[in-house]
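File shown: data_11.pdb (PDB, C-alpha atoms and all ligand atoms).
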MODEL        1
ATOM      1  CA  VAL A1461       0.000   0.000   0.000
ATOM      2  CA  LYS A1462       0.943   3.602  -0.407
ATOM      3  CA  ARG A1463       1.957   5.166   2.885
ATOM      4  CA  ALA A1464      -0.149   8.117   3.848
ATOM      5  CA  GLY A1465       1.374  11.428   4.919
ATOM      6  CA  PHE A1466      -0.017  14.859   5.507
ATOM      7  CA  PRO A1467      -2.288  16.175   2.749
ATOM      8  CA  ALA A1468      -0.582  18.623   0.370
ATOM      9  CA  PRO A1469      -1.944  21.867   1.930
ATOM     10  CA  LEU A1470      -0.699  20.796   5.367
ATOM     11  CA  THR A1471       2.719  19.836   3.977
ATOM     12  CA  ALA A1472       2.946  23.223   2.285
ATOM     13  CA  LEU A1473       2.052  24.988   5.544
ATOM     14  CA  ILE A1474       4.621  22.947   7.486
ATOM     15  CA  ASP A1475       7.277  23.872   4.896
ATOM     16  CA  GLN A1476       6.501  27.577   5.361
ATOM     17  CA  LEU A1477       6.446  27.374   9.165
ATOM     18  CA  LYS A1478       9.768  25.500   9.292
ATOM     19  CA  ARG A1479      11.485  28.490   7.717
ATOM     20  CA  LEU A1480      10.402  30.838  10.492
ATOM     21  CA  PRO A1481      13.013  31.809  13.092
ATOM     22  CA  GLY A1482      12.779  29.741  16.243
ATOM     23  CA  ILE A1483      10.489  27.062  14.774
ATOM     24  CA  GLY A1484      11.958  23.648  14.014
ATOM     25  CA  PRO A1485      10.348  20.784  12.034
ATOM     26  CA  ARG A1486       8.502  19.400  15.097
ATOM     27  CA  GLY A1487       7.164  22.808  16.096
ATOM     28  CA  ALA A1488       6.060  23.460  12.501
ATOM     29  CA  GLU A1489       4.100  20.199  12.485
ATOM     30  CA  ARG A1490       2.443  20.944  15.803
ATOM     31  CA  ILE A1491       1.334  24.409  14.706
ATOM     32  CA  ALA A1492       0.088  23.143  11.329
ATOM     33  CA  VAL A1493      -1.897  20.317  12.930
ATOM     34  CA  TRP A1494      -3.349  22.753  15.466
ATOM     35  CA  ILE A1495      -4.461  24.996  12.611
ATOM     36  CA  ALA A1496      -5.936  22.068  10.682
ATOM     37  CA  ARG A1497      -7.927  21.003  13.734
ATOM     38  CA  SER A1498      -9.125  24.444  14.789
ATOM     39  CA  ALA A1499     -12.828  24.677  14.215
ATOM     40  CA  ASP A1500     -13.061  28.304  15.327
ATOM     41  CA  ALA A1501     -11.982  31.627  13.833
ATOM     42  CA  ARG A1502      -8.387  31.533  15.077
ATOM     43  CA  PRO A1503      -6.726  30.327  11.843
ATOM     44  CA  ALA A1504      -8.564  33.041   9.895
ATOM     45  CA  ALA A1505      -7.505  35.657  12.459
ATOM     46  CA  LEU A1506      -3.904  34.445  12.190
ATOM     47  CA  ALA A1507      -3.987  34.665   8.387
ATOM     48  CA  GLU A1508      -5.444  38.170   8.603
ATOM     49  CA  ALA A1509      -2.761  39.289  11.062
ATOM     50  CA  LEU A1510      -0.035  37.889   8.776
ATOM     51  CA  SER A1511      -1.367  39.731   5.731
ATOM     52  CA  ALA A1512      -1.825  42.964   7.645
ATOM     53  CA  VAL A1513       1.815  42.957   8.760
ATOM     54  CA  ALA A1514       3.104  41.953   5.322
ATOM     55  CA  GLU A1515       1.025  44.638   3.578
ATOM     56  CA  ARG A1516       1.189  47.548   5.977
ATOM     57  CA  VAL A1517       4.334  47.449   8.112
ATOM     58  CA  ARG A1518       7.408  48.882   6.400
ATOM     59  CA  PRO A1519      10.704  50.309   7.616
ATOM     60  CA  CYS A1520      10.304  54.047   8.255
ATOM     61  CA  PRO A1521      11.925  55.907   5.326
ATOM     62  CA  ARG A1522      13.623  58.303   7.761
ATOM     63  CA  CYS A1523      14.820  56.115  10.633
ATOM     64  CA  GLY A1524      14.227  52.471   9.653
ATOM     65  CA  PHE A1525      11.973  51.724  12.642
ATOM     66  CA  PHE A1526       8.666  49.875  12.069
ATOM     67  CA  ALA A1527       6.246  52.175  10.300
ATOM     68  CA  GLU A1528       2.648  51.937   9.149
ATOM     69  CA  PRO A1529       2.652  52.891   6.354
ATOM     70  CA  ASP A1530       4.804  56.034   5.885
ATOM     71  CA  ALA A1531       6.290  57.651   8.965
ATOM     72  CA  CYS A1532       6.785  55.837  12.265
ATOM     73  CA  ALA A1533       5.323  56.875  15.600
ATOM     74  CA  ILE A1534       8.735  58.156  16.725
ATOM     75  CA  CYS A1535       9.450  60.368  13.700
ATOM     76  CA  GLY A1536       5.852  61.581  13.819
ATOM     77  CA  ASP A1537       6.234  62.803  17.414
ATOM     78  CA  PRO A1538       6.997  66.562  17.456
ATOM     79  CA  ALA A1539       8.344  66.283  21.038
ATOM     80  CA  ARG A1540      11.281  64.262  19.696
ATOM     81  CA  ALA A1541      12.186  66.623  16.861
ATOM     82  CA  GLY A1542      15.566  68.274  17.208
ATOM     83  CA  GLY A1543      16.730  65.734  19.800
ATOM     84  CA  PRO A1544      19.702  63.358  19.680
ATOM     85  CA  ILE A1545      19.806  60.412  17.278
ATOM     86  CA  CYS A1546      20.351  56.964  18.738
ATOM     87  CA  VAL A1547      21.946  54.533  16.252
ATOM     88  CA  VAL A1548      20.920  50.893  16.752
ATOM     89  CA  GLU A1549      21.464  47.679  14.816
ATOM     90  CA  GLN A1550      17.853  46.478  14.703
ATOM     91  CA  ALA A1551      14.395  47.978  15.131
ATOM     92  CA  THR A1552      13.921  45.694  18.141
ATOM     93  CA  ASP A1553      16.948  47.401  19.751
ATOM     94  CA  ALA A1554      15.132  50.725  19.442
ATOM     95  CA  LEU A1555      12.191  49.131  21.256
ATOM     96  CA  ALA A1556      14.556  48.034  24.038
ATOM     97  CA  VAL A1557      15.876  51.606  24.426
ATOM     98  CA  GLU A1558      12.276  52.876  24.414
ATOM     99  CA  ARG A1559      11.401  50.485  27.236
ATOM    100  CA  SER A1560      14.297  51.803  29.312
ATOM    101  CA  GLY A1561      12.558  55.187  29.290
ATOM    102  CA  ALA A1562      15.959  56.900  29.311
ATOM    103  CA  PHE A1563      15.938  58.353  25.791
ATOM    104  CA  ALA A1564      13.658  60.925  24.157
ATOM    105  CA  GLY A1565      15.235  61.534  20.752
ATOM    106  CA  SER A1566      14.880  59.668  17.471
ATOM    107  CA  TYR A1567      16.551  56.537  16.137
ATOM    108  CA  HIS A1568      18.498  55.335  13.174
ATOM    109  CA  VAL A1569      18.259  51.606  12.446
ATOM    110  CA  LEU A1570      21.278  50.198  10.600
ATOM    111  CA  GLY A1571      19.740  46.787   9.931
ATOM    112  CA  GLY A1572      22.947  44.992  10.925
ATOM    113  CA  ARG A1573      26.590  45.699  11.567
ATOM    114  CA  ILE A1574      29.790  45.729   9.640
ATOM    115  CA  SER A1575      30.912  42.131   9.227
ATOM    116  CA  PRO A1576      33.509  41.431   6.532
ATOM    117  CA  LEU A1577      33.124  37.672   7.097
ATOM    118  CA  ASP A1578      29.425  37.856   6.222
ATOM    119  CA  GLY A1579      30.091  40.296   3.397
ATOM    120  CA  VAL A1580      28.323  43.194   5.139
ATOM    121  CA  GLY A1581      29.954  46.551   4.442
ATOM    122  CA  PRO A1582      29.005  50.137   5.359
ATOM    123  CA  GLU A1583      27.066  50.583   2.132
ATOM    124  CA  ASP A1584      24.758  47.705   3.140
ATOM    125  CA  LEU A1585      23.853  49.469   6.371
ATOM    126  CA  GLY A1586      22.480  52.708   5.002
ATOM    127  CA  VAL A1587      25.416  54.697   6.394
ATOM    128  CA  PRO A1588      25.187  57.330   3.621
ATOM    129  CA  ARG A1589      21.535  57.917   4.605
ATOM    130  CA  LEU A1590      22.571  58.372   8.235
ATOM    131  CA  LEU A1591      25.278  60.888   7.297
ATOM    132  CA  GLU A1592      22.816  62.777   5.127
ATOM    133  CA  ARG A1593      20.362  62.907   8.033
ATOM    134  CA  VAL A1594      23.027  64.210  10.399
ATOM    135  CA  ARG A1595      24.065  66.944   7.957
ATOM    136  CA  GLU A1596      20.459  67.996   7.430
ATOM    137  CA  GLU A1597      19.085  67.736  10.962
ATOM    138  CA  ARG A1598      22.174  68.776  12.940
ATOM    139  CA  PRO A1599      21.290  66.689  16.046
ATOM    140  CA  PRO A1600      22.954  67.826  19.310
ATOM    141  CA  GLU A1601      24.396  64.306  19.719
ATOM    142  CA  VAL A1602      24.566  60.955  17.950
ATOM    143  CA  ILE A1603      24.564  58.013  20.375
ATOM    144  CA  LEU A1604      25.957  54.722  19.117
ATOM    145  CA  ALA A1605      23.940  52.017  20.894
ATOM    146  CA  LEU A1606      25.661  48.972  19.458
ATOM    147  CA  GLY A1607      26.663  45.635  20.962
ATOM    148  CA  SER A1608      30.064  45.501  22.600
ATOM    149  CA  ASP A1609      31.569  42.573  20.705
ATOM    150  CA  VAL A1610      34.190  42.718  17.948
ATOM    151  CA  GLU A1611      31.762  43.539  15.139
ATOM    152  CA  GLY A1612      29.841  46.036  17.263
ATOM    153  CA  ASP A1613      33.150  47.740  18.106
ATOM    154  CA  ALA A1614      34.280  47.813  14.472
ATOM    155  CA  THR A1615      30.945  49.291  13.411
ATOM    156  CA  ALA A1616      31.089  51.912  16.176
ATOM    157  CA  ILE A1617      34.652  52.943  15.329
ATOM    158  CA  TYR A1618      33.820  53.292  11.650
ATOM    159  CA  LEU A1619      30.616  55.249  12.317
ATOM    160  CA  ALA A1620      32.325  57.506  14.857
ATOM    161  CA  GLN A1621      34.879  58.553  12.228
ATOM    162  CA  MET A1622      32.284  59.144   9.526
ATOM    163  CA  LEU A1623      29.930  61.033  11.857
ATOM    164  CA  ALA A1624      32.695  63.207  13.247
ATOM    165  CA  GLY A1625      33.505  64.051   9.633
ATOM    166  CA  ALA A1626      29.887  65.142   9.229
ATOM    167  CA  GLY A1627      30.291  67.472  12.201
ATOM    168  CA  ALA A1628      28.415  65.451  14.841
ATOM    169  CA  LYS A1629      29.173  65.008  18.520
ATOM    170  CA  VAL A1630      29.334  61.223  18.874
ATOM    171  CA  THR A1631      28.938  59.197  22.064
ATOM    172  CA  ARG A1632      28.807  55.500  22.737
ATOM    173  CA  LEU A1633      26.928  53.533  25.380
ATOM    174  CA  ALA A1634      28.911  52.585  28.461
ATOM    175  CA  GLN A1635      30.393  49.085  28.425
ATOM    176  CA  GLY A1636      28.300  46.300  29.828
ATOM    177  CA  MET A1637      26.079  45.839  26.809
ATOM    178  CA  PRO A1638      25.530  42.191  25.907
ATOM    179  CA  ALA A1639      27.926  41.025  23.222
ATOM    180  CA  GLY A1640      26.284  40.011  19.983
ATOM    181  CA  GLY A1641      22.885  39.274  21.449
ATOM    182  CA  GLY A1642      21.443  42.714  20.741
ATOM    183  CA  LEU A1643      20.128  45.353  23.097
ATOM    184  CA  GLU A1644      16.804  43.558  23.466
ATOM    185  CA  HIS A1645      18.552  41.134  25.822
ATOM    186  CA  ALA A1646      19.773  43.906  28.073
ATOM    187  CA  GLY A1647      17.585  44.698  31.050
ATOM    188  CA  GLU A1648      15.944  48.118  31.361
ATOM    189  CA  LEU A1649      18.244  49.043  34.228
ATOM    190  CA  THR A1650      21.354  48.007  32.280
ATOM    191  CA  LEU A1651      20.238  50.171  29.370
ATOM    192  CA  GLN A1652      19.456  53.127  31.614
ATOM    193  CA  ARG A1653      22.935  52.862  33.144
ATOM    194  CA  ALA A1654      24.582  52.410  29.750
ATOM    195  CA  LEU A1655      22.802  55.496  28.416
ATOM    196  CA  GLY A1656      23.604  57.494  31.528
ATOM    197  CA  GLY A1657      27.279  56.510  31.393
ATOM    198  CA  ARG A1658      27.819  57.088  27.689
ATOM    199  CA  ARG A1659      31.111  58.594  26.681
ATOM    200  CA  GLU A1660      32.272  60.717  23.831
ATOM    201  CA  VAL A1661      34.169  58.910  21.071
TER
HETATM  202 ZN    ZN A1701      10.983  56.886  11.821
ENDMDL
END
Starting from the file, lay out its structure as structure tokens.
Amino acid sequence: VKRAGFPAPLTALIDQLKRLPGIGPRGAERIAVWIARSADARPAALAEALSAVAERVRPCPRCGFFAEPDACAICGDPARAGGPICVVEQATDALAVERSGAFAGSYHVLGGRISPLDGVGPEDLGVPRLLERVREERPPEVILALGSDVEGDATAIYLAQMLAGAGAKVTRLAQGMPAGGGLEHAGELTLQRALGGRREV
């Protein structure tokens, strides 16, 4: 006899789920089977939420933070205009700084860090856009809120040189930031201290 497996739509769903970060083959199967068995509106609500994010959430054209659909809530806030710019690797890092409550300026999301081994150079990180912003907006300070590992250091050193060339006062978070893991893994208190103890570079 022919051995039975999952029907094609379920297999296709499992294949999609497996590619998501943090979900392995077993987890993908469990979620897919749960969806197949759900008799209520939850699968439809999930599908709707997925489409809404895919269609409406974009990186903010000014700062790179999550935006819906044009400007983000941070760039749209007049109370933050004219304040310092905090440079972070990922949009989730900006959220971590927001949660610390210790910063009231705007952000600039690089989308990564300089990593020659992974083929990521300055031009991949929107550095020209950042320099353009600094020349136009003349922020009182640019804070580099990057991880304190080798690649975070290399990125900070490079940015500090470029930003100083653009006439900015550049500071960096105090040491004690988690290496590599991203600011989202730092506690609120750690971030508050790191922001409070930032030093000029
Ligand atoms: Zn923005």
TODO: Calculate how many Å separate CA of Glu1644 (chain A) from CA of Ala1556 (chain A), rounding to one decimal.
DONE: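 Those two atoms sit 5.0 Å apart.
For ligand ZN 1701 (chain A), the protein and nucleic acid residues at most 8 Å away, judged by all atoms listed in the file, amount to Pro1519, Cys1520, Pro1521, Arg1522, Cys1523, Gly1524, Phe1525, Phe1526, Ala1527, Ala1531, Cys1532, Ala1533, Ile1534, Cys1535, Gly1536, Ser1566, Tyr1567 and His1568 of chain A.
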Please produce a file of the residues just selected, as a PDB file, in the coordinates of the input, where the atoms kept are C-alpha atoms.
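Now in selection_22.pdb:
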ATOM      1  CA  PRO A1519      10.704  50.309   7.616  1.00  0.00           C
ATOM      2  CA  CYS A1520      10.304  54.047   8.255  1.00  0.00           C
ATOM      3  CA  PRO A1521      11.925  55.907   5.326  1.00  0.00           C
ATOM      4  CA  ARG A1522      13.623  58.303   7.761  1.00  0.00           C
ATOM      5  CA  CYS A1523      14.820  56.115  10.633  1.00  0.00           C
ATOM      6  CA  GLY A1524      14.227  52.471   9.653  1.00  0.00           C
ATOM      7  CA  PHE A1525      11.973  51.724  12.642  1.00  0.00           C
ATOM      8  CA  PHE A1526       8.666  49.875  12.069  1.00  0.00           C
ATOM      9  CA  ALA A1527       6.246  52.175  10.300  1.00  0.00           C
ATOM     10  CA  ALA A1531       6.290  57.651   8.965  1.00  0.00           C
ATOM     11  CA  CYS A1532       6.785  55.837  12.265  1.00  0.00           C
ATOM     12  CA  ALA A1533       5.323  56.875  15.600  1.00  0.00           C
ATOM     13  CA  ILE A1534       8.735  58.156  16.725  1.00  0.00           C
ATOM     14  CA  CYS A1535       9.450  60.368  13.700  1.00  0.00           C
ATOM     15  CA  GLY A1536       5.852  61.581  13.819  1.00  0.00           C
ATOM     16  CA  SER A1566      14.880  59.668  17.471  1.00  0.00           C
ATOM     17  CA  TYR A1567      16.551  56.537  16.137  1.00  0.00           C
ATOM     18  CA  HIS A1568      18.498  55.335  13.174  1.00  0.00           C
TER      19      HIS A1568
END
Straight-line distance linking CA of Gly1543 (chain A) with CA of Val1602 (chain A), stated in Å to one decimal: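 Separation of CA of Gly1543 (chain A) and CA of Val1602 (chain A): 9.4 Å.
In this model, the gap between CA of Gly1625 (chain A) and CA of Glu1549 (chain A) comes to 21.0 Å.
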Find the residues around Arg1516 (chain A) up to 10 Å (all atoms listed in the file counted), leave out those fewer than 4 positions away in its own chain, and share them as a VMD selection string.
chain A and resid 1511 to 1512 1526 to 1530
Open item on the list: Calculated over only C-alpha atoms, which of the candidates A:Leu1555, A:Ile1617, A:Met1622, A:Leu1577 has the smallest distance to Glu1648 (chain A)?
Closed with: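 Looking at the shortest contact to Glu1648 (chain A), the residue is A:Leu1555.
By chain and then residue number, the residues within 10 Å of Asp1475 (chain A) are Pro1469, Leu1470, Thr1471, Ala1472, Lys1478, Arg1479, Leu1480, Pro1485, Ala1488, Glu1489 and Ala1492 of chain A, counting all atoms listed in the file and disregarding those fewer than 3 positions away in sequence.
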Output check: residues returned by the PyMOL selection byres (((chain A and resi 1611) around 7) and not hetatm), as a PyMOL selection string = chain A and resi 1573-1575+1609-1610+1612-1615
Saved selection, atoms kept: C-alpha atoms, as a PDB file, in the frame of the given file:
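Wrote part.pdb, looks like this:
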ATOM      1  CA  ARG A1573      26.590  45.699  11.567  1.00  0.00           C
ATOM      2  CA  ILE A1574      29.790  45.729   9.640  1.00  0.00           C
ATOM      3  CA  SER A1575      30.912  42.131   9.227  1.00  0.00           C
ATOM      4  CA  ASP A1609      31.569  42.573  20.705  1.00  0.00           C
ATOM      5  CA  VAL A1610      34.190  42.718  17.948  1.00  0.00           C
ATOM      6  CA  GLY A1612      29.841  46.036  17.263  1.00  0.00           C
ATOM      7  CA  ASP A1613      33.150  47.740  18.106  1.00  0.00           C
ATOM      8  CA  ALA A1614      34.280  47.813  14.472  1.00  0.00           C
ATOM      9  CA  THR A1615      30.945  49.291  13.411  1.00  0.00           C
TER      10      THR A1615
END
